[in-house]
>>> print(open('target_38.cif').read())   # mmCIF, C-alpha atoms and all ligand atoms
data_target
loop_
_atom_site.label_atom_id
_atom_site.label_comp_id
_atom_site.auth_asym_id
_atom_site.auth_seq_id
_atom_site.Cartn_x
_atom_site.Cartn_y
_atom_site.Cartn_z
CA MET H 209 0.00 0.00 0.00
CA LYS H 210 2.73 2.36 1.00
CA ALA H 211 4.64 1.34 -2.08
CA CYS H 212 1.66 2.26 -4.25
CA ARG H 213 1.29 5.65 -2.66
CA GLN H 214 5.00 6.25 -3.04
CA ILE H 215 4.89 5.25 -6.69
CA LEU H 216 1.90 7.53 -7.36
CA PHE H 217 3.56 10.36 -5.48
CA LEU H 218 6.79 9.81 -7.39
CA ALA H 219 4.87 9.76 -10.67
CA THR H 220 3.28 13.09 -9.79
CA VAL H 221 6.63 14.64 -8.95
CA LEU H 222 8.22 13.31 -12.13
CA LEU H 223 5.33 14.56 -14.25
CA ALA H 224 5.52 17.99 -12.70
CA ALA H 225 9.27 18.04 -13.26
CA CYS H 226 8.89 16.96 -16.89
CA GLN H 227 6.20 19.58 -17.53
CA SER H 228 8.27 22.42 -16.09
CA GLN H 229 11.37 21.20 -17.91
CA ALA H 230 9.48 20.98 -21.19
CA ALA H 231 8.00 24.45 -20.68
CA ALA H 232 11.44 25.91 -19.99
CA SER H 233 13.03 24.35 -23.08
CA LEU H 234 10.25 25.58 -25.32
CA THR H 235 10.17 29.16 -24.15
CA VAL H 236 13.62 30.39 -23.16
CA THR H 237 17.28 29.81 -23.92
CA PRO H 238 19.95 30.91 -21.49
CA SER H 239 22.84 32.98 -22.96
CA ARG H 240 25.84 34.73 -21.40
CA THR H 241 26.34 38.51 -21.50
CA MET H 242 29.67 40.30 -21.56
CA THR H 243 29.63 40.53 -17.81
CA GLY H 244 29.29 36.86 -17.47
CA SER H 245 25.95 36.96 -15.83
CA VAL H 246 23.25 34.68 -17.09
CA THR H 247 20.15 36.12 -18.71
CA MET H 248 17.20 34.36 -20.20
CA THR H 249 16.80 35.46 -23.83
CA PRO H 250 13.60 34.51 -25.57
CA THR H 251 14.12 32.62 -28.82
CA ALA H 252 11.91 32.31 -31.86
CA THR H 253 10.08 29.42 -30.33
CA THR H 254 8.62 31.72 -27.71
CA VAL H 255 6.67 33.71 -30.30
CA PRO H 256 3.47 31.92 -31.02
CA SER H 257 2.64 31.98 -34.72
CA ARG H 258 -0.92 30.98 -34.08
CA THR H 259 -3.36 30.97 -31.26
CA PRO H 260 -1.74 28.78 -28.64
CA THR H 261 -3.29 25.42 -27.99
CA ILE H 262 -4.39 25.17 -24.44
CA ILE H 263 -3.45 21.80 -23.03
CA PRO H 264 -5.58 20.95 -20.05
CA THR H 265 -3.69 19.85 -16.99
CA PRO H 266 -4.65 16.27 -16.25
CA THR H 267 -6.24 15.68 -12.91
CA LEU H 268 -4.19 12.85 -11.50
CA PHE H 269 -5.85 12.62 -8.15
CA PRO H 270 -9.38 13.96 -8.30
CA LEU H 271 -10.49 14.86 -4.83
CA PRO H 272 -14.04 14.18 -3.73
CA THR H 273 -16.29 17.18 -3.55
CA SER H 274 -17.60 16.08 -0.20
CA ASN H 275 -16.94 18.32 2.75
CA ALA H 276 -16.90 15.36 5.10
CA PRO H 277 -14.52 15.92 8.01
CA LEU H 278 -11.09 14.32 7.83
CA VAL H 279 -11.09 11.31 10.14
CA ALA H 280 -8.49 8.76 11.13
CA CYS H 281 -8.27 5.84 8.70
CA ASP H 282 -9.16 3.55 11.58
CA GLU H 283 -12.37 5.44 12.34
CA ARG H 284 -14.16 5.38 9.01
CA ARG H 285 -17.89 4.63 9.00
CA PRO H 286 -19.11 3.31 5.63
CA ASP H 287 -22.74 3.15 6.74
CA ASP H 288 -24.52 1.34 3.92
CA ASP H 289 -21.88 1.92 1.21
CA LEU H 290 -21.51 -1.40 -0.61
CA PHE H 291 -18.21 -0.31 -2.19
CA ALA H 292 -16.46 0.98 0.94
CA LEU H 293 -12.73 0.34 0.75
CA VAL H 294 -11.41 -1.78 3.61
CA THR H 295 -7.76 -2.81 3.41
CA ALA H 296 -4.68 -2.95 5.60
CA SER H 297 -4.50 0.86 5.28
CA PHE H 298 -8.18 1.82 5.20
CA GLY H 299 -9.95 0.63 8.32
CA LEU H 300 -13.25 1.01 10.12
CA ASP H 301 -14.46 2.57 13.32
CA PRO H 302 -14.34 -0.16 16.01
CA ASN H 303 -17.90 0.77 16.92
CA TYR H 304 -19.23 0.51 13.38
CA ILE H 305 -22.01 -2.10 13.13
CA PRO H 306 -24.15 -2.35 9.98
CA GLY H 307 -27.74 -1.39 10.69
CA ASP H 308 -29.56 -4.12 8.79
CA LEU H 309 -27.92 -7.38 9.90
CA VAL H 310 -30.13 -10.46 9.66
CA LYS H 311 -29.68 -14.07 10.72
CA LEU H 312 -28.53 -16.26 7.84
CA GLY H 313 -30.69 -19.15 9.08
CA ASN H 314 -33.72 -17.28 7.74
CA TYR H 315 -32.22 -16.92 4.27
CA VAL H 316 -30.06 -20.00 3.66
CA SER H 317 -31.73 -23.33 4.17
CA GLY H 318 -30.31 -26.70 5.13
CA TYR H 319 -26.99 -27.57 6.71
CA VAL H 320 -25.07 -24.81 5.01
CA THR H 321 -24.48 -22.38 7.81
CA LEU H 322 -24.81 -21.83 11.51
CA PRO H 323 -28.24 -20.17 11.69
CA ASP H 324 -27.06 -17.34 13.92
CA LEU H 325 -24.38 -16.04 11.58
CA LEU H 326 -25.21 -12.50 10.48
CA LEU H 327 -25.11 -10.65 7.18
CA ARG H 328 -26.67 -7.48 5.84
CA ARG H 329 -30.15 -8.17 4.49
CA GLU H 330 -29.41 -7.55 0.78
CA ALA H 331 -26.30 -9.75 0.91
CA ALA H 332 -28.19 -12.48 2.79
CA GLU H 333 -31.00 -12.54 0.24
CA ALA H 334 -28.52 -12.85 -2.63
CA LEU H 335 -26.57 -15.53 -0.76
CA GLY H 336 -29.77 -17.56 -0.25
CA ARG H 337 -30.47 -17.50 -3.99
CA MET H 338 -26.87 -18.36 -4.86
CA VAL H 339 -26.60 -21.28 -2.43
CA SER H 340 -29.91 -22.71 -3.67
CA GLU H 341 -28.53 -22.66 -7.21
CA MET H 342 -25.31 -24.32 -6.11
CA LYS H 343 -27.15 -27.08 -4.28
CA ALA H 344 -29.45 -27.63 -7.24
CA GLY H 345 -26.31 -28.21 -9.28
CA GLY H 346 -25.07 -30.91 -6.91
CA LEU H 347 -22.62 -28.79 -4.92
CA ALA H 348 -22.41 -28.66 -1.14
CA PRO H 349 -21.12 -25.24 -0.07
CA THR H 350 -20.87 -24.29 3.57
CA VAL H 351 -20.74 -20.80 5.06
CA LEU H 352 -17.94 -20.79 7.60
CA SER H 353 -17.98 -17.11 8.52
CA ALA H 354 -20.03 -14.02 7.73
CA TYR H 355 -20.30 -10.76 9.70
CA ARG H 356 -17.56 -10.40 12.30
CA SER H 357 -17.61 -7.53 14.76
CA PHE H 358 -14.45 -5.64 15.68
CA ILE H 359 -14.19 -7.74 18.85
CA GLU H 360 -14.65 -11.02 16.99
CA GLN H 361 -12.01 -9.98 14.46
CA SER H 362 -9.67 -9.18 17.35
CA ILE H 363 -10.11 -12.73 18.65
CA THR H 364 -9.55 -14.21 15.18
CA TYR H 365 -6.42 -12.11 14.64
CA GLN H 366 -5.01 -12.98 18.06
CA ARG H 367 -5.46 -16.67 17.30
CA TRP H 368 -3.47 -16.32 14.08
CA LEU H 369 -0.79 -14.35 15.91
CA VAL H 370 -0.30 -17.38 18.15
CA GLU H 371 -0.53 -19.99 15.40
CA ASP H 372 1.52 -18.24 12.72
CA PRO H 373 3.01 -14.99 14.03
CA GLU H 374 5.13 -14.25 10.96
CA ASN H 375 2.25 -14.46 8.48
CA ALA H 376 -0.67 -13.48 10.70
CA SER H 377 -1.22 -10.07 9.14
CA GLN H 378 -1.32 -11.62 5.65
CA ILE H 379 -3.63 -14.45 6.67
CA SER H 380 -6.05 -12.43 8.77
CA ALA H 381 -6.89 -8.76 8.68
CA ARG H 382 -6.13 -6.72 11.76
CA PRO H 383 -9.20 -5.76 13.78
CA GLY H 384 -10.91 -2.81 12.11
CA HIS H 385 -9.38 -3.77 8.77
CA SER H 386 -11.53 -6.77 7.91
CA GLU H 387 -14.22 -6.62 5.25
CA HIS H 388 -16.18 -9.02 7.45
CA GLN H 389 -17.04 -6.04 9.69
CA LEU H 390 -19.04 -4.63 6.75
CA GLY H 391 -21.57 -7.45 7.03
CA THR H 392 -21.41 -8.20 3.30
CA VAL H 393 -18.70 -10.86 3.25
CA VAL H 394 -18.87 -14.65 3.37
CA ASP H 395 -16.16 -17.28 3.79
CA PHE H 396 -17.17 -20.47 1.98
CA GLY H 397 -16.16 -24.03 2.73
CA SER H 398 -16.17 -27.17 0.61
CA PRO H 399 -16.45 -30.85 1.58
CA GLU H 400 -13.69 -31.56 -0.95
CA LEU H 401 -11.07 -29.50 0.85
CA PRO H 402 -9.89 -32.07 3.47
CA GLU H 403 -9.16 -34.63 0.76
CA LEU H 404 -7.47 -32.09 -1.49
CA THR H 405 -5.22 -30.81 1.27
CA GLY H 406 -4.72 -34.12 3.07
CA ASP H 407 -5.78 -32.44 6.30
CA PRO H 408 -9.16 -33.52 7.70
CA ALA H 409 -9.41 -30.32 9.75
CA MET H 410 -8.49 -27.94 6.93
CA LYS H 411 -11.05 -25.17 6.43
CA PHE H 412 -9.17 -22.44 4.57
CA SER H 413 -6.68 -23.17 1.82
CA PRO H 414 -5.84 -21.72 -1.59
CA LEU H 415 -6.79 -25.19 -2.87
CA PHE H 416 -10.40 -24.15 -2.31
CA ALA H 417 -10.13 -22.72 -5.84
CA GLN H 418 -9.86 -26.30 -7.14
CA THR H 419 -12.98 -27.58 -5.40
CA GLY H 420 -16.29 -27.79 -7.21
CA GLU H 421 -17.63 -25.02 -4.98
CA GLY H 422 -14.59 -22.80 -5.55
CA MET H 423 -14.71 -23.21 -9.31
CA TRP H 424 -18.46 -22.51 -9.44
CA LEU H 425 -18.10 -19.38 -7.32
CA ALA H 426 -15.25 -18.04 -9.44
CA GLU H 427 -17.44 -18.44 -12.51
CA HIS H 428 -20.90 -17.50 -11.24
CA ALA H 429 -20.77 -15.54 -7.96
CA HIS H 430 -20.99 -12.24 -9.86
CA GLU H 431 -24.40 -13.24 -11.17
CA TYR H 432 -25.58 -12.92 -7.56
CA GLY H 433 -23.59 -9.76 -6.79
CA TYR H 434 -20.61 -11.41 -5.09
CA THR H 435 -16.95 -10.88 -5.96
CA MET H 436 -13.64 -12.34 -4.76
CA THR H 437 -11.87 -9.37 -3.19
CA ASN H 438 -8.50 -10.99 -2.55
CA PRO H 439 -7.56 -12.76 -5.80
CA PRO H 440 -3.92 -13.57 -6.66
CA GLY H 441 -1.92 -10.36 -6.89
CA ALA H 442 -4.27 -8.29 -4.74
CA ALA H 443 -1.99 -8.28 -1.71
CA LEU H 444 -0.18 -5.17 -2.93
CA TRP H 445 -3.48 -3.29 -2.71
CA THR H 446 -5.30 -5.06 0.11
CA GLY H 447 -2.44 -6.29 2.29
CA LEU H 448 -4.02 -9.74 2.38
CA ALA H 449 -2.98 -13.01 0.79
CA TYR H 450 -5.00 -14.86 -1.86
CA GLU H 451 -8.35 -15.91 -0.41
CA PRO H 452 -10.40 -17.86 -2.97
CA TRP H 453 -13.03 -18.65 -0.31
CA HIS H 454 -13.71 -15.02 0.64
CA TYR H 455 -16.52 -13.32 -1.31
CA ARG H 456 -18.01 -9.87 -0.83
CA TYR H 457 -21.41 -8.65 -1.95
CA VAL H 458 -21.20 -5.48 -4.06
CA GLY H 459 -24.37 -5.85 -6.14
CA VAL H 460 -24.80 -7.50 -9.53
CA ASP H 461 -23.78 -4.49 -11.65
CA LEU H 462 -20.33 -3.95 -10.15
CA ALA H 463 -19.65 -7.66 -9.58
CA THR H 464 -20.43 -8.31 -13.26
CA TYR H 465 -18.17 -5.47 -14.36
CA LEU H 466 -15.33 -6.75 -12.18
CA HIS H 467 -15.76 -10.28 -13.51
CA ALA H 468 -15.70 -9.10 -17.12
CA SER H 469 -12.85 -6.62 -16.72
CA GLY H 470 -10.56 -8.69 -14.51
CA TYR H 471 -10.27 -5.89 -11.95
CA PHE H 472 -10.74 -6.67 -8.28
CA LEU H 473 -12.62 -4.34 -5.96
CA ALA H 474 -9.74 -2.44 -4.29
CA GLU H 475 -8.07 -1.88 -7.66
CA PHE H 476 -11.33 -0.58 -9.15
CA VAL H 477 -12.06 1.71 -6.21
CA PHE H 478 -8.58 3.23 -6.26
CA GLN H 479 -8.71 3.90 -9.98
CA ALA H 480 -12.32 4.78 -10.62
CA ARG H 481 -13.82 6.10 -7.44
CA PRO H 482 -12.45 8.81 -5.18
CA VAL H 483 -11.63 7.58 -1.71
CA LEU H 484 -12.26 10.10 1.02
CA PRO H 485 -8.89 11.03 2.44
CA CYS H 486 -8.19 9.97 5.98
CA ILE H 487 -5.33 10.25 8.47
CA PRO H 488 -3.32 7.00 8.56
CA ALA H 489 -2.10 5.53 11.81
CA LEU H 490 1.63 6.09 12.27
CA ASP H 491 2.21 2.40 13.02
CA ALA H 492 0.17 1.17 10.04
CA PRO H 493 1.95 -1.44 7.90
ZN ZN H 501 -12.99 -13.86 4.88
#
>>> encode(input="target_38.cif", output="structure tokens", more="lines below")
Ligand SMILES: [Zn+2]
Amino acid sequence: MKACRQILFLATVLLAACQSQAAASLTVTPSRTMTGSVTMTPTATTVPSRTPTIIPTPTLFPLPTSNAPLVACDERRPDDDLFALVTASFGLDPNYIPGDLVKLGNYVSGYVTLPDLLLRREAAEALGRMVSEMKAGGLAPTVLSAYRSFIEQSITYQRWLVEDPENASQISARPGHSEHQLGTVVDFGSPELPELTGDPAMKFSPLFAQTGEGMWLAEHAHEYGYTMTNPPGAALWTGLAYEPWHYRYVGVDLATYLHASGYFLAEFVFQARPVLPCIPALDAP
């Protein structure tokens, strides 16, 4: 993330330098006078023969027009924004809880999920339709995790810190930096995973992508408004490793666009949608 910002910043500086250099070379030529002092003598190129062409200055970083107050990056409140950016750098207010959480048991039938898992209503409705379609096609998806509060994410993160301290921050988002706190994200499981991995207790593995459920989701989840937000290569933007089991609801229109274009959500948001500036934590990775 930092690297990206540095690259963008560097690009801006280089562009500005190139523009000023180009302007100088086109308009003036230094020459020496008898006294040895340097003066800037205009040359023929400075006299426009025609009406000058006005080249608009490109807007590299369009700022939002909102007058929203500048908040800390760890105190953002997305409210009901389905596209809210949540990464290792852009976090959420610890007290943020989506307002329309519903119990998945009322939307997803059968032995697919613990009935008390929560998701925002629109995401739960779409998940119910998607899981029904998967089951009709002979698949057996499970929902291993859905909404996680800041506190629950803290517990999850602490567990990974104990189990795999070196990779914890890549495996699990820090509290306040998990999309699960948005209430629109589901972690799927597959009955094929233990055999594929050789570990009967395995729940999360990149090999999920090779299961029937993983392959179906990669191909069809967008039809129900879901998108994989941490595909291979996304870590530079999101700070998280490849998670083929982790799907976020963004609505059918954007999910379909992302599927067709090959972009993933964080990449799209950074390039196409202004992100409200916020004050990063000094100890942020
Ligand atoms: Zn997840």
>>> closest_atom_pairs(input="target_38.cif", of="chain H", to="ligand ZN 501 (chain H)", cutoff="12 Å", atoms="all atoms listed in the file", output="tab-separated table")
residue	atom	partner	partner_atom	distance
H:Val351	CA	H:ZN501	ZN	10.4
H:Leu352	CA	H:ZN501	ZN	8.9
H:Ser353	CA	H:ZN501	ZN	7.0
H:Ala354	CA	H:ZN501	ZN	7.6
H:Tyr355	CA	H:ZN501	ZN	9.3
H:Arg356	CA	H:ZN501	ZN	9.4
H:Gln361	CA	H:ZN501	ZN	10.4
H:Thr364	CA	H:ZN501	ZN	10.9
H:Tyr365	CA	H:ZN501	ZN	11.9
H:Gln378	CA	H:ZN501	ZN	11.9
H:Ile379	CA	H:ZN501	ZN	9.5
H:Ser380	CA	H:ZN501	ZN	8.1
H:Ala381	CA	H:ZN501	ZN	8.8
H:His385	CA	H:ZN501	ZN	11.4
H:Ser386	CA	H:ZN501	ZN	7.8
H:Glu387	CA	H:ZN501	ZN	7.4
H:His388	CA	H:ZN501	ZN	6.3
H:Gln389	CA	H:ZN501	ZN	10.0
H:Leu390	CA	H:ZN501	ZN	11.2
H:Gly391	CA	H:ZN501	ZN	10.9
H:Thr392	CA	H:ZN501	ZN	10.3
H:Val393	CA	H:ZN501	ZN	6.7
H:Val394	CA	H:ZN501	ZN	6.1
H:Asp395	CA	H:ZN501	ZN	4.8
H:Phe396	CA	H:ZN501	ZN	8.3
H:Gly397	CA	H:ZN501	ZN	10.9
H:Lys411	CA	H:ZN501	ZN	11.6
H:Phe412	CA	H:ZN501	ZN	9.4
H:Ser413	CA	H:ZN501	ZN	11.7
H:Thr435	CA	H:ZN501	ZN	11.9
H:Met436	CA	H:ZN501	ZN	9.8
H:Thr437	CA	H:ZN501	ZN	9.3
H:Asn438	CA	H:ZN501	ZN	9.1
H:Leu448	CA	H:ZN501	ZN	10.2
H:Ala449	CA	H:ZN501	ZN	10.8
H:Tyr450	CA	H:ZN501	ZN	10.5
H:Glu451	CA	H:ZN501	ZN	7.3
H:Pro452	CA	H:ZN501	ZN	9.2
H:Trp453	CA	H:ZN501	ZN	7.1
H:His454	CA	H:ZN501	ZN	4.5
H:Tyr455	CA	H:ZN501	ZN	7.1
H:Arg456	CA	H:ZN501	ZN	8.6
>>> residues_around(input="target_38.cif", residues="Thr464 of chain H", least_positions_apart="3", cutoff="9 Å", atoms="only C-alpha atoms", output="JSON, numbers by chain")
{"H": [429, 430, 431, 432, 433, 434, 435, 459, 460, 461, 467, 468, 469]}
>>> residues_near_point(input="target_38.cif", point="(-12.4, -3.1, 11.2)", cutoff="10 Å", atoms="all atoms listed in the file", output="count of residues only")
31
>>> atom_distance(input="target_38.cif", atom1="atom CA of Arg367 of chain H", atom2="atom CA of Ile487 of chain H")
28.3 Å
>>> atom_distance(input="target_38.cif", atom1="atom CA of Trp424 of chain H", atom2="atom CA of Glu400 of chain H")
13.3 Å
>>> closest_residue(input="target_38.cif", among="H:Pro306, H:Pro323, H:Pro402, H:Gly420", to="Gly346 of chain H", atoms="only C-alpha atoms")
H:Gly420
>>> atom_distance(input="target_38.cif", atom1="atom CA of Glu403 of chain H", atom2="atom CA of Glu421 of chain H")
14.0 Å
>>> closest_residue(input="target_38.cif", among="H:Leu347, H:Val310, H:Asp289, H:Glu374", to="Asp324 of chain H", atoms="all atoms listed in the file")
H:Val310
>>> axis_aligned_box(input="target_38.cif", around="segment 297-308 of chain H", padding_each_side="4 Å", output="AutoDock Vina command-line options")
--center_x -17.0 --center_y -0.8 --center_z 11.1 --size_x 33.1 --size_y 14.7 --size_z 19.7
>>> closest_residue(input="target_38.cif", among="H:Leu325, H:Leu293, H:Leu425, H:Ala463", to="Arg481 of chain H", atoms="all atoms listed in the file")
H:Leu293
>>> closest_residue(input="target_38.cif", among="H:Pro439, H:Tyr457, H:Gln479, H:Thr405", to="Glu330 of chain H", atoms="all atoms listed in the file")
H:Tyr457
>>> residues_near_point(input="target_38.cif", point="(-29.2, -9.2, 3.9)", cutoff="10 Å", atoms="only C-alpha atoms", output="compact mmCIF listing (two decimals) with C-alpha atoms, in the coordinates of the input")
# COMPACT_ATOMS: atom_id res chain seq x y z
CA ASP H 308 -29.56 -4.12 8.79
CA LEU H 309 -27.92 -7.38 9.90
CA VAL H 310 -30.13 -10.46 9.66
CA LYS H 311 -29.68 -14.07 10.72
CA LEU H 312 -28.53 -16.26 7.84
CA TYR H 315 -32.22 -16.92 4.27
CA LEU H 326 -25.21 -12.50 10.48
CA LEU H 327 -25.11 -10.65 7.18
CA ARG H 328 -26.67 -7.48 5.84
CA ARG H 329 -30.15 -8.17 4.49
CA GLU H 330 -29.41 -7.55 0.78
CA ALA H 331 -26.30 -9.75 0.91
CA ALA H 332 -28.19 -12.48 2.79
CA GLU H 333 -31.00 -12.54 0.24
CA ALA H 334 -28.52 -12.85 -2.63
CA LEU H 335 -26.57 -15.53 -0.76
CA GLY H 336 -29.77 -17.56 -0.25
CA GLY H 391 -21.57 -7.45 7.03
CA THR H 392 -21.41 -8.20 3.30
CA TYR H 457 -21.41 -8.65 -1.95
>>> build_atoms(input="target_38.cif", residues="segment 407-430 of chain H", atoms="N, CA and C atoms", output="PDB file, in the frame of the given file")
ATOM      1  N   ASP H 407      -5.611 -32.814   4.893  1.00  0.00           N
ATOM      2  CA  ASP H 407      -5.780 -32.440   6.300  1.00  0.00           C
ATOM      3  C   ASP H 407      -7.271 -32.432   6.623  1.00  0.00           C
ATOM      4  N   PRO H 408      -7.729 -33.409   7.419  1.00  0.00           N
ATOM      5  CA  PRO H 408      -9.160 -33.520   7.700  1.00  0.00           C
ATOM      6  C   PRO H 408      -9.747 -32.280   8.371  1.00  0.00           C
ATOM      7  N   ALA H 409      -8.909 -31.495   9.037  1.00  0.00           N
ATOM      8  CA  ALA H 409      -9.410 -30.320   9.750  1.00  0.00           C
ATOM      9  C   ALA H 409      -9.287 -29.036   8.941  1.00  0.00           C
ATOM     10  N   MET H 410      -8.756 -29.152   7.720  1.00  0.00           N
ATOM     11  CA  MET H 410      -8.490 -27.940   6.930  1.00  0.00           C
ATOM     12  C   MET H 410      -9.785 -27.234   6.515  1.00  0.00           C
ATOM     13  N   LYS H 411      -9.866 -25.959   6.817  1.00  0.00           N
ATOM     14  CA  LYS H 411     -11.050 -25.170   6.430  1.00  0.00           C
ATOM     15  C   LYS H 411     -10.718 -24.111   5.391  1.00  0.00           C
ATOM     16  N   PHE H 412      -9.530 -23.512   5.499  1.00  0.00           N
ATOM     17  CA  PHE H 412      -9.170 -22.440   4.570  1.00  0.00           C
ATOM     18  C   PHE H 412      -7.845 -22.770   3.890  1.00  0.00           C
ATOM     19  N   SER H 413      -7.883 -22.863   2.589  1.00  0.00           N
ATOM     20  CA  SER H 413      -6.680 -23.170   1.820  1.00  0.00           C
ATOM     21  C   SER H 413      -6.850 -22.603   0.424  1.00  0.00           C
ATOM     22  N   PRO H 414      -5.744 -22.160  -0.196  1.00  0.00           N
ATOM     23  CA  PRO H 414      -5.840 -21.720  -1.590  1.00  0.00           C
ATOM     24  C   PRO H 414      -6.386 -22.818  -2.513  1.00  0.00           C
ATOM     25  N   LEU H 415      -6.271 -24.087  -2.056  1.00  0.00           N
ATOM     26  CA  LEU H 415      -6.790 -25.190  -2.870  1.00  0.00           C
ATOM     27  C   LEU H 415      -8.314 -25.166  -2.966  1.00  0.00           C
ATOM     28  N   PHE H 416      -8.952 -24.290  -2.176  1.00  0.00           N
ATOM     29  CA  PHE H 416     -10.400 -24.150  -2.310  1.00  0.00           C
ATOM     30  C   PHE H 416     -10.764 -23.812  -3.756  1.00  0.00           C
ATOM     31  N   ALA H 417      -9.876 -23.106  -4.432  1.00  0.00           N
ATOM     32  CA  ALA H 417     -10.130 -22.720  -5.840  1.00  0.00           C
ATOM     33  C   ALA H 417     -10.304 -23.932  -6.734  1.00  0.00           C
ATOM     34  N   GLN H 418      -9.760 -25.086  -6.306  1.00  0.00           N
ATOM     35  CA  GLN H 418      -9.860 -26.300  -7.140  1.00  0.00           C
ATOM     36  C   GLN H 418     -11.050 -27.168  -6.789  1.00  0.00           C
ATOM     37  N   THR H 419     -11.789 -26.796  -5.762  1.00  0.00           N
ATOM     38  CA  THR H 419     -12.980 -27.580  -5.400  1.00  0.00           C
ATOM     39  C   THR H 419     -14.117 -27.217  -6.351  1.00  0.00           C
ATOM     40  N   GLY H 420     -15.126 -28.081  -6.381  1.00  0.00           N
ATOM     41  CA  GLY H 420     -16.290 -27.790  -7.210  1.00  0.00           C
ATOM     42  C   GLY H 420     -16.936 -26.476  -6.801  1.00  0.00           C
ATOM     43  N   GLU H 421     -17.009 -26.244  -5.477  1.00  0.00           N
ATOM     44  CA  GLU H 421     -17.630 -25.020  -4.980  1.00  0.00           C
ATOM     45  C   GLU H 421     -16.798 -23.799  -5.367  1.00  0.00           C
ATOM     46  N   GLY H 422     -15.478 -23.916  -5.227  1.00  0.00           N
ATOM     47  CA  GLY H 422     -14.590 -22.800  -5.550  1.00  0.00           C
ATOM     48  C   GLY H 422     -14.641 -22.434  -7.023  1.00  0.00           C
ATOM     49  N   MET H 423     -14.682 -23.470  -7.867  1.00  0.00           N
ATOM     50  CA  MET H 423     -14.710 -23.210  -9.310  1.00  0.00           C
ATOM     51  C   MET H 423     -16.044 -22.576  -9.722  1.00  0.00           C
ATOM     52  N   TRP H 424     -17.129 -23.077  -9.105  1.00  0.00           N
ATOM     53  CA  TRP H 424     -18.460 -22.510  -9.440  1.00  0.00           C
ATOM     54  C   TRP H 424     -18.518 -21.039  -9.023  1.00  0.00           C
ATOM     55  N   LEU H 425     -18.041 -20.759  -7.820  1.00  0.00           N
ATOM     56  CA  LEU H 425     -18.100 -19.380  -7.320  1.00  0.00           C
ATOM     57  C   LEU H 425     -17.275 -18.440  -8.213  1.00  0.00           C
ATOM     58  N   ALA H 426     -16.094 -18.888  -8.599  1.00  0.00           N
ATOM     59  CA  ALA H 426     -15.250 -18.040  -9.440  1.00  0.00           C
ATOM     60  C   ALA H 426     -15.950 -17.698 -10.756  1.00  0.00           C
ATOM     61  N   GLU H 427     -16.773 -18.627 -11.219  1.00  0.00           N
ATOM     62  CA  GLU H 427     -17.440 -18.440 -12.510  1.00  0.00           C
ATOM     63  C   GLU H 427     -18.788 -17.732 -12.408  1.00  0.00           C
ATOM     64  N   HIS H 428     -19.498 -17.955 -11.290  1.00  0.00           N
ATOM     65  CA  HIS H 428     -20.900 -17.500 -11.240  1.00  0.00           C
ATOM     66  C   HIS H 428     -21.246 -16.551 -10.101  1.00  0.00           C
ATOM     67  N   ALA H 429     -20.375 -16.353  -9.131  1.00  0.00           N
ATOM     68  CA  ALA H 429     -20.770 -15.540  -7.960  1.00  0.00           C
ATOM     69  C   ALA H 429     -21.223 -14.144  -8.376  1.00  0.00           C
ATOM     70  N   HIS H 430     -20.615 -13.607  -9.444  1.00  0.00           N
ATOM     71  CA  HIS H 430     -20.990 -12.240  -9.860  1.00  0.00           C
ATOM     72  C   HIS H 430     -22.448 -12.149 -10.279  1.00  0.00           C
TER      73      HIS H 430
END
